[in-house]
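File shown here: coords-v3.cif, holding mmCIF, C-alpha atoms.
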data_structure
loop_
_atom_site.label_atom_id
_atom_site.label_comp_id
_atom_site.auth_asym_id
_atom_site.auth_seq_id
_atom_site.Cartn_x
_atom_site.Cartn_y
_atom_site.Cartn_z
CA MET A 1 58.98 -66.39 -145.74
CA LYS A 2 61.66 -63.88 -146.69
CA ARG A 3 59.07 -61.91 -148.67
CA TYR A 4 56.78 -61.88 -145.61
CA PHE A 5 59.50 -60.58 -143.31
CA SER A 6 60.55 -58.02 -145.92
CA PHE A 7 56.97 -56.76 -146.19
CA PHE A 8 56.62 -56.73 -142.39
CA GLY A 9 59.88 -54.83 -142.01
CA ARG A 10 58.84 -52.18 -144.54
CA SER A 11 55.41 -51.83 -142.92
CA PHE A 12 56.88 -51.57 -139.41
CA GLY A 13 59.41 -48.97 -140.58
CA LEU A 14 56.68 -46.96 -142.30
CA ALA A 15 54.50 -47.11 -139.18
CA CYS A 16 57.39 -45.95 -136.99
CA GLY A 17 58.15 -43.12 -139.39
CA LEU A 18 54.52 -41.97 -139.41
CA LEU A 19 54.35 -42.18 -135.61
CA PHE A 20 57.57 -40.16 -135.26
CA GLY A 21 56.28 -37.57 -137.74
CA LEU A 22 52.97 -37.22 -135.89
CA LEU A 23 54.84 -36.87 -132.59
CA CYS A 24 57.02 -34.10 -134.03
CA VAL A 25 53.98 -32.28 -135.37
CA PHE A 26 52.21 -32.61 -132.01
CA VAL A 27 55.18 -31.32 -129.99
CA THR A 28 55.86 -28.47 -132.43
CA GLY A 29 52.21 -27.52 -132.46
CA ALA A 30 52.02 -27.59 -128.66
CA ARG A 31 55.00 -25.26 -128.43
CA ALA A 32 53.71 -22.97 -131.14
CA GLN A 33 50.22 -22.79 -129.69
CA ALA A 34 51.26 -22.33 -126.07
CA PRO A 35 50.31 -18.73 -125.18
CA ASP A 36 52.76 -16.63 -123.23
CA HIS A 37 50.85 -13.63 -121.91
CA ILE A 38 50.81 -14.50 -118.20
CA ASN A 39 53.25 -16.64 -116.20
CA VAL A 40 52.42 -18.09 -112.79
CA GLY A 41 54.97 -19.98 -110.73
CA VAL A 42 55.96 -21.28 -107.31
CA TYR A 43 59.48 -21.78 -106.01
CA GLY A 44 61.70 -22.90 -103.21
CA LYS A 45 64.03 -20.21 -101.89
CA PHE A 46 67.42 -20.05 -100.20
CA PHE A 47 68.20 -16.75 -98.45
CA ARG A 48 71.45 -16.03 -96.62
CA LEU A 49 71.54 -13.18 -94.11
CA SER A 50 75.16 -12.17 -94.56
CA ASP A 51 75.42 -9.95 -91.47
CA SER A 52 74.34 -12.74 -89.11
CA ASP A 53 75.53 -15.78 -91.10
CA ILE A 54 72.00 -17.19 -90.97
CA ASP A 55 70.63 -19.38 -93.77
CA LEU A 56 66.88 -19.29 -94.35
CA GLY A 57 64.82 -21.58 -96.56
CA GLY A 58 61.33 -20.78 -97.73
CA VAL A 59 58.65 -20.96 -100.40
CA GLY A 60 57.15 -18.31 -102.63
CA ALA A 61 54.94 -17.54 -105.60
CA ARG A 62 55.19 -15.13 -108.52
CA LEU A 63 53.02 -13.67 -111.27
CA SER A 64 54.23 -11.89 -114.40
CA VAL A 65 52.43 -10.14 -117.26
CA LYS A 66 53.96 -9.47 -120.68
CA VAL A 67 54.02 -5.76 -121.58
CA LEU A 68 56.54 -5.91 -124.47
CA PRO A 69 57.93 -8.82 -126.53
CA LEU A 70 60.93 -9.21 -124.20
CA VAL A 71 59.68 -7.40 -121.09
CA ARG A 72 57.38 -8.49 -118.27
CA ILE A 73 56.19 -6.85 -115.08
CA GLU A 74 56.54 -9.36 -112.29
CA ALA A 75 55.36 -9.48 -108.68
CA GLU A 76 56.36 -12.08 -106.12
CA SER A 77 56.32 -12.84 -102.42
CA ALA A 78 58.12 -15.45 -100.31
CA TYR A 79 57.94 -16.64 -96.72
CA ASN A 80 61.21 -17.87 -95.21
CA PHE A 81 60.87 -20.43 -92.44
CA GLU A 82 62.56 -19.94 -89.11
CA ALA A 83 66.22 -20.42 -88.33
CA ALA A 84 67.53 -20.60 -84.78
CA TYR A 85 70.53 -18.61 -83.62
CA SER A 86 72.12 -17.48 -80.34
CA GLN A 87 72.04 -13.96 -78.93
CA GLY A 88 74.27 -12.68 -76.13
CA PHE A 89 73.24 -10.06 -73.57
CA SER A 90 75.06 -8.37 -70.70
CA ASP A 91 73.37 -6.58 -67.80
CA ALA A 92 74.60 -3.70 -65.59
CA ASN A 93 76.57 -6.14 -63.43
CA GLY A 94 78.48 -7.47 -66.43
CA THR A 95 76.69 -10.82 -66.40
CA ILE A 96 76.49 -12.33 -69.89
CA SER A 97 73.55 -14.53 -70.82
CA VAL A 98 72.82 -16.36 -74.06
CA SER A 99 69.31 -17.00 -75.36
CA ARG A 100 68.02 -18.97 -78.33
CA SER A 101 65.97 -16.89 -80.76
CA HIS A 102 64.26 -17.64 -84.04
CA VAL A 103 64.11 -15.45 -87.11
CA ARG A 104 61.61 -15.65 -89.95
CA SER A 105 61.10 -13.30 -92.87
CA LEU A 106 58.48 -12.30 -95.39
CA ASP A 107 59.23 -10.29 -98.51
CA GLY A 108 57.35 -8.80 -101.45
CA LEU A 109 58.94 -7.59 -104.69
CA VAL A 110 57.77 -6.08 -107.97
CA GLY A 111 59.61 -4.91 -111.06
CA PRO A 112 60.56 -5.63 -114.68
CA LYS A 113 61.96 -8.91 -115.98
CA VAL A 114 63.76 -8.69 -119.32
CA ASN A 115 64.49 -11.73 -121.50
CA LEU A 116 67.88 -11.63 -123.21
CA PRO A 117 67.85 -12.29 -126.97
CA LEU A 118 70.29 -15.09 -127.72
CA GLY A 119 70.47 -14.48 -131.47
CA PRO A 120 70.98 -17.49 -133.76
CA LEU A 121 72.03 -19.62 -130.78
CA GLY A 122 68.73 -19.04 -128.97
CA LEU A 123 65.99 -21.63 -128.67
CA GLY A 124 62.36 -20.68 -128.46
CA HIS A 125 61.82 -22.68 -125.29
CA PHE A 126 64.98 -21.58 -123.45
CA HIS A 127 66.24 -18.12 -122.54
CA LEU A 128 68.22 -16.11 -120.03
CA PHE A 129 66.85 -13.06 -118.24
CA VAL A 130 67.74 -10.20 -115.93
CA THR A 131 65.52 -8.45 -113.40
CA ALA A 132 65.51 -5.50 -111.03
CA LYS A 133 62.80 -5.28 -108.38
CA GLY A 134 61.92 -3.15 -105.41
CA GLY A 135 59.84 -3.97 -102.38
CA PHE A 136 60.01 -4.77 -98.68
CA ILE A 137 61.19 -7.38 -96.23
CA ASN A 138 59.81 -8.06 -92.76
CA PHE A 139 61.81 -9.86 -90.07
CA ASN A 140 60.00 -11.59 -87.22
CA LEU A 141 62.15 -12.44 -84.17
CA ASN A 142 60.82 -14.52 -81.27
CA THR A 143 61.61 -17.51 -79.08
CA ASN A 144 58.69 -19.67 -80.24
CA PRO A 145 60.01 -22.50 -82.43
CA ALA A 146 56.63 -23.54 -83.78
CA VAL A 147 55.91 -22.95 -87.47
CA ASN A 148 52.32 -23.38 -88.62
CA ILE A 149 49.55 -21.56 -90.45
CA ARG A 150 49.03 -19.29 -87.44
CA THR A 151 52.71 -18.35 -87.46
CA VAL A 152 52.60 -17.42 -91.15
CA GLY A 153 49.37 -15.49 -90.62
CA SER A 154 50.82 -13.57 -87.70
CA THR A 155 53.80 -12.58 -89.85
CA PHE A 156 51.46 -11.05 -92.41
CA ALA A 157 49.39 -9.42 -89.67
CA GLY A 158 52.54 -7.99 -88.06
CA LEU A 159 53.52 -5.92 -91.08
CA ASN A 160 53.90 -2.33 -89.92
CA GLY A 161 56.27 0.57 -90.31
CA THR A 162 58.50 -0.46 -87.39
CA ASN A 163 59.70 -3.80 -88.77
CA ILE A 164 59.65 -3.33 -92.54
CA TYR A 165 62.78 -2.48 -94.51
CA GLY A 166 63.06 -1.38 -98.11
CA VAL A 167 64.55 -3.87 -100.57
CA PHE A 168 66.28 -3.65 -103.94
CA TYR A 169 66.82 -6.93 -105.78
CA PRO A 170 69.04 -7.11 -108.89
CA GLY A 171 69.27 -10.61 -110.31
CA GLY A 172 69.04 -12.92 -113.28
CA GLY A 173 68.59 -16.51 -114.26
CA ALA A 174 67.42 -19.00 -116.86
CA GLU A 175 64.17 -20.73 -117.70
CA ALA A 176 63.03 -23.40 -120.15
CA PHE A 177 59.53 -24.31 -121.34
CA TRP A 178 58.00 -27.45 -122.79
CA GLY A 179 54.63 -26.34 -124.06
CA PRO A 180 52.91 -24.42 -121.24
CA PHE A 181 55.11 -25.91 -118.50
CA GLY A 182 58.55 -24.68 -117.53
CA LEU A 183 61.32 -24.62 -114.95
CA ARG A 184 63.08 -21.50 -113.72
CA PHE A 185 66.24 -20.74 -111.74
CA ASP A 186 67.04 -17.31 -110.22
CA VAL A 187 70.10 -15.92 -108.47
CA GLY A 188 70.61 -12.40 -107.15
CA ASP A 189 71.38 -10.03 -104.30
CA GLU A 190 68.41 -9.15 -102.07
CA ILE A 191 69.62 -5.88 -100.54
CA PHE A 192 67.67 -4.46 -97.62
CA TYR A 193 68.27 -1.03 -96.12
CA ASN A 194 68.59 -0.53 -92.38
CA ASN A 195 71.20 2.09 -91.45
CA GLY A 196 72.87 1.30 -94.73
CA ALA A 197 72.70 -1.41 -97.38
CA HIS A 198 72.89 -5.09 -96.39
CA ASN A 199 73.71 -7.55 -99.18
CA ASN A 200 72.22 -11.04 -99.05
CA LEU A 201 72.51 -13.97 -101.45
CA ARG A 202 69.21 -15.26 -102.79
CA LEU A 203 68.59 -18.42 -104.86
CA SER A 204 65.27 -19.82 -106.07
CA PHE A 205 64.09 -22.69 -108.25
CA GLY A 206 60.67 -23.93 -109.26
CA PRO A 207 58.05 -24.68 -111.91
CA THR A 208 56.19 -22.14 -114.03
CA ILE A 209 52.99 -22.28 -116.09
CA ARG A 210 52.33 -19.87 -118.96
CA PHE A 211 48.98 -19.07 -120.50
#
Could I get this file's structure written as structure tokens?
Amino acid sequence: MKRYFSFFGRSFGLACGLLFGLLCVFVTGARAQAPDHINVGVYGKFFRLSDSDIDLGGVGARLSVKVLPLVRIEAESAYNFEAAYSQGFSDANGTISVSRSHVRSLDGLVGPKVNLPLGPLGLGHFHLFVTAKGGFINFNLNTNPAVNIRTVGSTFAGLNGTNIYGVFYPGGGAEAFWGPFGLRFDVGDEIFYNNGAHNNLRLSFGPTIRF
């Protein structure tokens, strides 16, 4: 009986060792074989309009193409859902009235993204990065609280020279990959220009696929 259990124990240990070895080879091979020429991702976004103390939340998508070992050219766009706020008006008689308005925004950015080499402490599936992008932002103000596909479409259709402001976005973040799948976090200052520069905190987080 002892000999049986000893043989079973050795066989079970050998099987576990082989299974662990095959798993390591599979994971290592998946990471090594995962291409990294194009990255596509979606994200949730937090955007704070500092001048008005308005917080906007939205969704976006991005696409990047590798042009150098550590450099990518990246384009992205995000739609920020409405946030309600109060506006005060006074007429010629000095009467003050307050109305409830809603603000939405749509932006588009493009520019380089540079991965930071971490030296001997770096891991192949994790890295930090910095980015600097330029583009536009469009603000849509109205009193209609409804948000639907028509609302988003009208925001795109309403893009014209009278309600678009130039944007410069310096930022950075971190991302990690497991095979072709990854997660990414960004933080930066989305500065738009309208009679001067207006600084606004921007955060985003979401999944990424590389191929």
Can you pull out every residue within 9 Å of Ser204 in chain A, counting all atoms listed in the file, but drop anything in the same chain fewer than 3 positions away, and send it as a ChimeraX atom specification? /A:43-47,59-60,184-187
Write a file of the selected residues as an mmCIF file, keeping the file's coordinate frame, keeping C-alpha atoms.
data_model
loop_
_atom_site.group_PDB
_atom_site.id
_atom_site.type_symbol
_atom_site.label_atom_id
_atom_site.label_comp_id
_atom_site.auth_asym_id
_atom_site.auth_seq_id
_atom_site.Cartn_x
_atom_site.Cartn_y
_atom_site.Cartn_z
ATOM 1 C CA TYR A 43 59.480 -21.780 -106.010
ATOM 2 C CA GLY A 44 61.700 -22.900 -103.210
ATOM 3 C CA LYS A 45 64.030 -20.210 -101.890
ATOM 4 C CA PHE A 46 67.420 -20.050 -100.200
ATOM 5 C CA PHE A 47 68.200 -16.750 -98.450
ATOM 6 C CA VAL A 59 58.650 -20.960 -100.400
ATOM 7 C CA GLY A 60 57.150 -18.310 -102.630
ATOM 8 C CA ARG A 184 63.080 -21.500 -113.720
ATOM 9 C CA PHE A 185 66.240 -20.740 -111.740
ATOM 10 C CA ASP A 186 67.040 -17.310 -110.220
ATOM 11 C CA VAL A 187 70.100 -15.920 -108.470
#
Please identify all polymer residues within 12 Å of Val65 in chain A, counting only C-alpha atoms, omitting same-chain residues fewer than 6 positions from it, and present them as a ChimeraX atom specification. /A:35-40,71-76,110-114,210-211
Let's have the selection written as a PDB file, in the frame of the given file, with C-alpha atoms.
ATOM      1  CA  PRO A  35      50.310 -18.730-125.180  1.00  0.00           C
ATOM      2  CA  ASP A  36      52.760 -16.630-123.230  1.00  0.00           C
ATOM      3  CA  HIS A  37      50.850 -13.630-121.910  1.00  0.00           C
ATOM      4  CA  ILE A  38      50.810 -14.500-118.200  1.00  0.00           C
ATOM      5  CA  ASN A  39      53.250 -16.640-116.200  1.00  0.00           C
ATOM      6  CA  VAL A  40      52.420 -18.090-112.790  1.00  0.00           C
ATOM      7  CA  VAL A  71      59.680  -7.400-121.090  1.00  0.00           C
ATOM      8  CA  ARG A  72      57.380  -8.490-118.270  1.00  0.00           C
ATOM      9  CA  ILE A  73      56.190  -6.850-115.080  1.00  0.00           C
ATOM     10  CA  GLU A  74      56.540  -9.360-112.290  1.00  0.00           C
ATOM     11  CA  ALA A  75      55.360  -9.480-108.680  1.00  0.00           C
ATOM     12  CA  GLU A  76      56.360 -12.080-106.120  1.00  0.00           C
ATOM     13  CA  VAL A 110      57.770  -6.080-107.970  1.00  0.00           C
ATOM     14  CA  GLY A 111      59.610  -4.910-111.060  1.00  0.00           C
ATOM     15  CA  PRO A 112      60.560  -5.630-114.680  1.00  0.00           C
ATOM     16  CA  LYS A 113      61.960  -8.910-115.980  1.00  0.00           C
ATOM     17  CA  VAL A 114      63.760  -8.690-119.320  1.00  0.00           C
ATOM     18  CA  ARG A 210      52.330 -19.870-118.960  1.00  0.00           C
ATOM     19  CA  PHE A 211      48.980 -19.070-120.500  1.00  0.00           C
TER      20      PHE A 211
END
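Our summary of the geometry notes that CA of Val42 in chain A is positioned 18.5 Å from CA of Phe126 in chain A.
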Can you work out the spacing between CA of Ala61 in chain A and CA of His125 in chain A in Å, to one decimal?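 CA of His125 in chain A lies 21.5 Å from CA of Ala61 in chain A.
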Residues in the PyMOL selection byres ((chain A and resi 80) around 7), expressed as a list in words: Leu56, Gly57, Gly58, Val59, Ala78, Tyr79, Phe81, Glu82, Arg104, Ser105 and Leu106 of chain A
Point out the residue among A:Thr131, A:Leu141, A:Asn200, A:Leu49 with the least atom-to-atom distance to Pro170 in chain A, counting all atoms listed in the file.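 Using all atoms listed in the file, the shortest distance to Pro170 in chain A belongs to A:Thr131.
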Identify which of the residues A:Lys66, A:Ala174, A:Ile191, A:Phe168 lies closest to Lys133 in chain A, counting only C-alpha atoms when measuring atom-to-atom distances.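 The shortest atom-to-atom distance to Lys133 in chain A comes from A:Phe168.
Of note, CA of Thr208 in chain A and CA of Phe139 in chain A are spaced 27.5 Å apart.
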For Leu68 in chain A, which of A:Asn199, A:Asn115, A:Asn163, A:Asn140 is the closest residue, counting all atoms listed in the file?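 The closest residue to Leu68 in chain A is A:Asn115.
Considering the residues A:Gly108, A:Gly173, A:Pro180, A:Gly166 and counting only C-alpha atoms, His198 in chain A has its shortest atom-to-atom contact with A:Gly166.
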Nearest to Leu70 in chain A among A:Leu109, A:Pro117, A:Ile137, A:Gly41, with distances taken over only C-alpha atoms: which residue is it? A:Pro117
